[in-house]
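Pasted below: data.cif, mmCIF, N, CA and C atoms.
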data_protein
loop_
_atom_site.label_atom_id
_atom_site.label_comp_id
_atom_site.auth_asym_id
_atom_site.auth_seq_id
_atom_site.Cartn_x
_atom_site.Cartn_y
_atom_site.Cartn_z
N MET A 79 77.96 109.01 90.54
CA MET A 79 78.17 110.44 90.70
C MET A 79 78.63 111.02 89.37
N THR A 80 77.99 112.05 88.92
CA THR A 80 78.35 112.70 87.68
C THR A 80 79.14 113.96 88.00
N LEU A 81 80.31 114.05 87.38
CA LEU A 81 81.13 115.24 87.56
C LEU A 81 80.92 116.16 86.36
N ILE A 82 80.79 117.41 86.63
CA ILE A 82 80.56 118.40 85.58
C ILE A 82 81.89 119.03 85.24
N ALA A 83 82.24 119.00 83.96
CA ALA A 83 83.50 119.59 83.53
C ALA A 83 83.43 121.10 83.70
N GLN A 84 84.51 121.64 84.19
CA GLN A 84 84.61 123.08 84.36
C GLN A 84 85.83 123.57 83.60
N ALA A 85 85.80 124.84 83.25
CA ALA A 85 86.94 125.42 82.55
C ALA A 85 88.17 125.37 83.44
N PRO A 86 89.33 124.99 82.87
CA PRO A 86 90.54 124.92 83.68
C PRO A 86 90.97 126.30 84.17
N VAL A 87 91.57 126.31 85.30
CA VAL A 87 92.12 127.53 85.89
C VAL A 87 93.62 127.33 85.96
N ARG A 88 94.40 128.29 85.50
CA ARG A 88 95.85 128.15 85.52
C ARG A 88 96.38 128.68 86.84
N ARG A 89 97.01 127.77 87.63
CA ARG A 89 97.61 128.13 88.90
C ARG A 89 98.93 127.41 89.04
N ASP A 90 99.92 128.07 89.51
CA ASP A 90 101.19 127.44 89.83
C ASP A 90 101.74 126.63 88.66
N GLY A 91 101.48 127.06 87.44
CA GLY A 91 102.01 126.38 86.27
C GLY A 91 101.19 125.19 85.81
N LEU A 92 100.08 124.88 86.45
CA LEU A 92 99.25 123.75 86.08
C LEU A 92 97.85 124.23 85.68
N ASP A 93 97.24 123.56 84.69
CA ASP A 93 95.85 123.82 84.36
C ASP A 93 95.02 122.84 85.19
N VAL A 94 94.17 123.36 86.06
CA VAL A 94 93.39 122.49 86.94
C VAL A 94 91.92 122.89 86.90
N ASN A 95 91.05 121.92 87.17
CA ASN A 95 89.64 122.20 87.39
C ASN A 95 89.18 121.30 88.53
N VAL A 96 87.95 121.42 88.93
CA VAL A 96 87.45 120.66 90.07
C VAL A 96 87.58 119.16 89.82
N ASN A 97 87.27 118.70 88.62
CA ASN A 97 87.39 117.28 88.32
C ASN A 97 88.83 116.81 88.47
N ASP A 98 89.78 117.64 88.05
CA ASP A 98 91.19 117.28 88.20
C ASP A 98 91.57 117.18 89.67
N LEU A 99 91.10 118.10 90.49
CA LEU A 99 91.43 118.08 91.91
C LEU A 99 90.93 116.80 92.56
N VAL A 100 89.72 116.38 92.20
CA VAL A 100 89.16 115.15 92.75
C VAL A 100 89.98 113.95 92.29
N ALA A 101 90.34 113.92 91.01
CA ALA A 101 91.13 112.81 90.47
C ALA A 101 92.52 112.77 91.09
N ILE A 102 93.16 113.92 91.23
CA ILE A 102 94.48 113.98 91.87
C ILE A 102 94.38 113.49 93.30
N GLY A 103 93.34 113.92 94.01
CA GLY A 103 93.13 113.49 95.38
C GLY A 103 92.96 111.98 95.49
N ALA A 104 92.23 111.40 94.56
CA ALA A 104 92.03 109.95 94.57
C ALA A 104 93.35 109.22 94.36
N ARG A 105 94.21 109.76 93.49
CA ARG A 105 95.52 109.12 93.26
C ARG A 105 96.43 109.27 94.47
N ILE A 106 96.36 110.42 95.15
CA ILE A 106 97.15 110.60 96.37
C ILE A 106 96.71 109.56 97.40
N ARG A 107 95.40 109.43 97.59
CA ARG A 107 94.88 108.46 98.56
C ARG A 107 95.27 107.03 98.18
N GLU A 108 95.15 106.69 96.90
CA GLU A 108 95.50 105.35 96.44
C GLU A 108 96.96 105.03 96.75
N ALA A 109 97.86 105.96 96.43
CA ALA A 109 99.28 105.74 96.69
C ALA A 109 99.58 105.71 98.19
N ARG A 110 98.92 106.56 98.95
CA ARG A 110 99.15 106.62 100.40
C ARG A 110 98.70 105.32 101.07
N THR A 111 97.53 104.84 100.70
CA THR A 111 97.04 103.61 101.33
C THR A 111 97.85 102.40 100.89
N ALA A 112 98.35 102.41 99.65
CA ALA A 112 99.22 101.33 99.19
C ALA A 112 100.50 101.27 100.02
N LYS A 113 100.99 102.43 100.46
CA LYS A 113 102.19 102.52 101.31
C LYS A 113 101.86 102.32 102.79
N LYS A 114 100.56 102.18 103.09
CA LYS A 114 100.09 102.00 104.48
C LYS A 114 100.51 103.16 105.39
N LEU A 115 100.35 104.37 104.86
CA LEU A 115 100.65 105.58 105.63
C LEU A 115 99.35 106.25 106.04
N SER A 116 99.32 106.78 107.25
CA SER A 116 98.19 107.61 107.67
C SER A 116 98.36 108.99 107.03
N GLN A 117 97.29 109.76 107.02
CA GLN A 117 97.38 111.12 106.50
C GLN A 117 98.37 111.94 107.32
N ASN A 118 98.37 111.75 108.64
CA ASN A 118 99.29 112.51 109.49
C ASN A 118 100.74 112.12 109.25
N LYS A 119 101.00 110.82 109.07
CA LYS A 119 102.38 110.37 108.81
C LYS A 119 102.87 110.92 107.47
N LEU A 120 102.02 110.84 106.45
CA LEU A 120 102.38 111.38 105.14
C LEU A 120 102.64 112.87 105.24
N ALA A 121 101.78 113.56 105.98
CA ALA A 121 101.93 115.01 106.15
C ALA A 121 103.29 115.34 106.77
N ALA A 122 103.68 114.59 107.77
CA ALA A 122 104.98 114.84 108.41
C ALA A 122 106.12 114.62 107.43
N LEU A 123 106.00 113.61 106.57
CA LEU A 123 107.06 113.31 105.61
C LEU A 123 107.19 114.36 104.52
N VAL A 124 106.09 115.05 104.20
CA VAL A 124 106.13 116.08 103.15
C VAL A 124 106.06 117.49 103.70
N GLU A 125 106.22 117.60 105.02
CA GLU A 125 106.21 118.91 105.69
C GLU A 125 104.91 119.66 105.45
N SER A 126 103.81 118.97 105.73
CA SER A 126 102.48 119.55 105.57
C SER A 126 101.68 119.20 106.83
N THR A 127 100.36 119.28 106.74
CA THR A 127 99.51 118.90 107.88
C THR A 127 98.55 117.80 107.45
N GLY A 128 98.06 117.04 108.42
CA GLY A 128 97.08 116.00 108.13
C GLY A 128 95.81 116.57 107.53
N GLU A 129 95.43 117.75 108.00
CA GLU A 129 94.24 118.41 107.45
C GLU A 129 94.44 118.75 105.97
N SER A 130 95.63 119.23 105.60
CA SER A 130 95.91 119.55 104.20
C SER A 130 95.86 118.29 103.34
N ILE A 131 96.47 117.20 103.82
CA ILE A 131 96.44 115.95 103.06
C ILE A 131 95.00 115.51 102.85
N SER A 132 94.18 115.60 103.89
CA SER A 132 92.77 115.24 103.79
C SER A 132 92.08 116.10 102.73
N ARG A 133 92.34 117.38 102.75
CA ARG A 133 91.71 118.29 101.78
C ARG A 133 92.18 118.03 100.36
N TYR A 134 93.48 117.68 100.18
CA TYR A 134 93.97 117.30 98.85
C TYR A 134 93.23 116.06 98.36
N GLU A 135 93.12 115.05 99.24
CA GLU A 135 92.49 113.80 98.86
C GLU A 135 91.02 113.95 98.53
N LEU A 136 90.35 114.88 99.16
CA LEU A 136 88.93 115.12 98.90
C LEU A 136 88.69 116.07 97.72
N GLY A 137 89.78 116.62 97.16
CA GLY A 137 89.65 117.56 96.06
C GLY A 137 89.15 118.92 96.51
N LYS A 138 89.31 119.22 97.80
CA LYS A 138 88.84 120.49 98.36
C LYS A 138 89.92 121.57 98.32
N MET A 139 91.17 121.16 98.10
CA MET A 139 92.27 122.11 98.09
C MET A 139 93.30 121.67 97.06
N GLU A 140 93.85 122.62 96.35
CA GLU A 140 94.86 122.32 95.34
C GLU A 140 96.25 122.26 95.97
N ALA A 141 96.98 121.20 95.67
CA ALA A 141 98.36 121.08 96.12
C ALA A 141 99.27 121.81 95.14
N SER A 142 100.26 122.51 95.66
CA SER A 142 101.20 123.21 94.79
C SER A 142 102.10 122.20 94.09
N VAL A 143 102.81 122.65 93.07
CA VAL A 143 103.77 121.79 92.37
C VAL A 143 104.81 121.27 93.37
N THR A 144 105.24 122.11 94.28
CA THR A 144 106.23 121.70 95.29
C THR A 144 105.69 120.56 96.14
N VAL A 145 104.46 120.69 96.62
CA VAL A 145 103.86 119.65 97.46
C VAL A 145 103.64 118.38 96.65
N LEU A 146 103.16 118.50 95.40
CA LEU A 146 102.96 117.32 94.57
C LEU A 146 104.29 116.61 94.32
N THR A 147 105.36 117.37 94.14
CA THR A 147 106.68 116.77 93.94
C THR A 147 107.12 116.01 95.19
N ARG A 148 106.92 116.61 96.36
CA ARG A 148 107.26 115.92 97.61
C ARG A 148 106.41 114.67 97.79
N LEU A 149 105.11 114.78 97.51
CA LEU A 149 104.23 113.61 97.62
C LEU A 149 104.69 112.49 96.70
N ALA A 150 105.01 112.82 95.46
CA ALA A 150 105.48 111.81 94.50
C ALA A 150 106.74 111.12 95.01
N ASP A 151 107.68 111.90 95.52
CA ASP A 151 108.93 111.33 96.03
C ASP A 151 108.67 110.40 97.22
N VAL A 152 107.89 110.85 98.18
CA VAL A 152 107.63 110.07 99.39
C VAL A 152 106.81 108.82 99.07
N LEU A 153 105.84 108.95 98.18
CA LEU A 153 104.97 107.83 97.85
C LEU A 153 105.57 106.89 96.81
N GLY A 154 106.69 107.30 96.21
CA GLY A 154 107.36 106.44 95.23
C GLY A 154 106.62 106.31 93.91
N VAL A 155 105.90 107.37 93.54
CA VAL A 155 105.19 107.38 92.26
C VAL A 155 105.71 108.53 91.41
N ASP A 156 105.37 108.50 90.15
CA ASP A 156 105.80 109.54 89.23
C ASP A 156 104.93 110.79 89.40
N PHE A 157 105.56 111.94 89.35
CA PHE A 157 104.85 113.22 89.46
C PHE A 157 103.72 113.31 88.43
N GLU A 158 104.01 112.90 87.20
CA GLU A 158 103.01 113.00 86.14
C GLU A 158 101.80 112.11 86.42
N TRP A 159 102.01 110.98 87.11
CA TRP A 159 100.88 110.12 87.46
C TRP A 159 99.97 110.84 88.45
N LEU A 160 100.56 111.57 89.39
CA LEU A 160 99.74 112.30 90.36
C LEU A 160 98.90 113.38 89.70
N ARG A 161 99.48 114.11 88.78
CA ARG A 161 98.76 115.26 88.23
C ARG A 161 97.98 114.95 86.96
N ARG A 162 98.21 113.80 86.35
CA ARG A 162 97.48 113.43 85.14
C ARG A 162 96.95 112.02 85.26
N ARG A 163 96.44 111.50 84.19
CA ARG A 163 95.89 110.15 84.22
C ARG A 163 96.88 109.10 83.71
N ALA A 164 98.14 109.45 83.60
CA ALA A 164 99.14 108.50 83.15
C ALA A 164 99.31 107.39 84.18
N ARG A 165 99.82 106.25 83.75
CA ARG A 165 100.05 105.14 84.67
C ARG A 165 101.23 105.48 85.58
N PRO A 166 101.24 104.92 86.79
CA PRO A 166 102.31 105.24 87.73
C PRO A 166 103.64 104.60 87.32
N CYS A 167 104.71 105.20 87.74
CA CYS A 167 106.04 104.68 87.50
C CYS A 167 106.75 104.53 88.84
N LYS A 168 107.37 103.38 89.04
CA LYS A 168 108.14 103.19 90.26
C LYS A 168 109.48 103.89 90.11
N ARG A 169 109.99 104.40 91.21
CA ARG A 169 111.31 105.01 91.23
C ARG A 169 112.34 103.93 91.49
N VAL A 170 113.50 104.07 90.88
CA VAL A 170 114.60 103.15 91.09
C VAL A 170 115.68 103.89 91.85
N GLY A 171 116.20 103.28 92.88
CA GLY A 171 117.26 103.91 93.65
C GLY A 171 116.93 103.88 95.12
N PRO A 172 117.86 104.33 95.94
CA PRO A 172 117.63 104.31 97.37
C PRO A 172 116.53 105.28 97.77
N PRO A 173 115.90 105.05 98.95
CA PRO A 173 114.84 105.96 99.40
C PRO A 173 115.32 107.40 99.42
N GLY A 174 114.47 108.28 98.96
CA GLY A 174 114.80 109.70 98.94
C GLY A 174 115.54 110.14 97.69
N SER A 175 115.95 109.17 96.85
CA SER A 175 116.66 109.56 95.63
C SER A 175 115.66 109.93 94.56
N ARG A 176 116.12 110.56 93.54
CA ARG A 176 115.27 110.90 92.40
C ARG A 176 115.60 109.97 91.24
N GLY A 177 115.67 108.67 91.54
CA GLY A 177 116.05 107.66 90.55
C GLY A 177 115.15 107.69 89.33
N ALA A 178 115.59 107.02 88.29
CA ALA A 178 114.85 106.99 87.04
C ALA A 178 113.55 106.20 87.20
N ALA A 179 112.55 106.57 86.45
CA ALA A 179 111.28 105.85 86.47
C ALA A 179 111.41 104.60 85.60
N VAL A 180 110.78 103.52 86.01
CA VAL A 180 110.81 102.27 85.26
C VAL A 180 109.57 102.22 84.39
N LEU A 181 109.76 102.07 83.09
CA LEU A 181 108.65 101.99 82.15
C LEU A 181 108.75 100.69 81.38
N ASP A 182 107.61 100.14 80.94
CA ASP A 182 107.67 98.95 80.10
C ASP A 182 107.87 99.38 78.65
N ALA A 183 107.93 98.40 77.74
CA ALA A 183 108.22 98.70 76.33
C ALA A 183 107.19 99.62 75.71
N GLY A 184 105.96 99.61 76.23
CA GLY A 184 104.92 100.48 75.69
C GLY A 184 104.95 101.88 76.27
N GLY A 185 105.96 102.17 77.11
CA GLY A 185 106.05 103.49 77.71
C GLY A 185 105.14 103.67 78.90
N ARG A 186 104.58 102.54 79.38
CA ARG A 186 103.69 102.61 80.53
C ARG A 186 104.43 102.14 81.77
N GLY A 187 104.02 102.66 82.89
CA GLY A 187 104.59 102.23 84.16
C GLY A 187 103.95 100.92 84.61
N PRO A 188 104.37 100.43 85.75
CA PRO A 188 103.78 99.20 86.27
C PRO A 188 102.31 99.41 86.61
N PRO A 189 101.56 98.32 86.80
CA PRO A 189 100.14 98.47 87.11
C PRO A 189 99.93 99.22 88.42
N THR A 190 98.79 99.88 88.51
CA THR A 190 98.45 100.59 89.74
C THR A 190 98.18 99.55 90.83
N PRO A 191 98.20 99.96 92.11
CA PRO A 191 97.89 99.01 93.17
C PRO A 191 96.51 98.35 92.97
N ARG A 192 95.57 99.09 92.47
CA ARG A 192 94.22 98.54 92.24
C ARG A 192 94.25 97.49 91.12
N GLU A 193 95.02 97.77 90.06
CA GLU A 193 95.12 96.80 88.96
C GLU A 193 95.81 95.51 89.42
N THR A 194 96.82 95.65 90.26
CA THR A 194 97.53 94.49 90.78
C THR A 194 96.61 93.62 91.63
N ALA A 195 95.80 94.24 92.47
CA ALA A 195 94.89 93.51 93.34
C ALA A 195 93.83 92.76 92.53
N ALA A 196 93.45 93.30 91.38
CA ALA A 196 92.41 92.70 90.56
C ALA A 196 92.92 91.47 89.78
N GLN A 197 94.21 91.32 89.67
CA GLN A 197 94.77 90.22 88.87
C GLN A 197 94.69 88.91 89.54
#
As structure tokens, what does this structure read like?
Amino acid sequence: MTLIAQAPVRRDGLDVNVNDLVAIGARIREARTAKKLSQNKLAALVESTGESISRYELGKMEASVTVLTRLADVLGVDFEWLRRRARPCKRVGPPGSRGAAVLDAGGRGPPTPRETAAQ
């Protein structure tokens, strides 16, 4: 599948385009399935709906910064990993805390669930 780059649109403080929405959705799905959460369960945890989570994952709807922040917290990944192509960072601290992200010496987070499975 070839994705066509489109000019970014500035919304809610983020520059986004269709390709970004699809990529963000794929990362949401990857993190959700790694946590073994259904779309409806994740939706309940972030005060959203299963339909919205589905639309985020398919790149059909843009998640606000607030929703992305909630998703990152619940899924235990770094906000920047969700919205960009940076490697994920695990949170340190009790569930629900905003603990520090763990990075390796190269400034990268731990491997993604897909990278771990491939090893």
For this session: Could you give me, as a count of residues only, the residues within 7 Å of Gly103 in chain A, counting all atoms listed in the file and dropping anything in the same chain fewer than 2 positions from it?
Result: 13
Taking 5 positions as the minimum chain separation for residues in the same chain, which residues sit within 8 Å of range 111-122 of chain A when counting all atoms listed in the file? Answer as an MDAnalysis selection string. chainID A and resid 105:106 127:132 149 152:153 191:192
In Å and to one decimal, atom C of Val145 in chain A is distant from CA of Arg161 in chain A by 10.2 Å
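CA of Ile102 in chain A lies 7.3 Å from atom C of Arg162 in chain A.
For the pair CA of Ala109 in chain A and CA of Asp151 in chain A, the separation is 11.2 Å.
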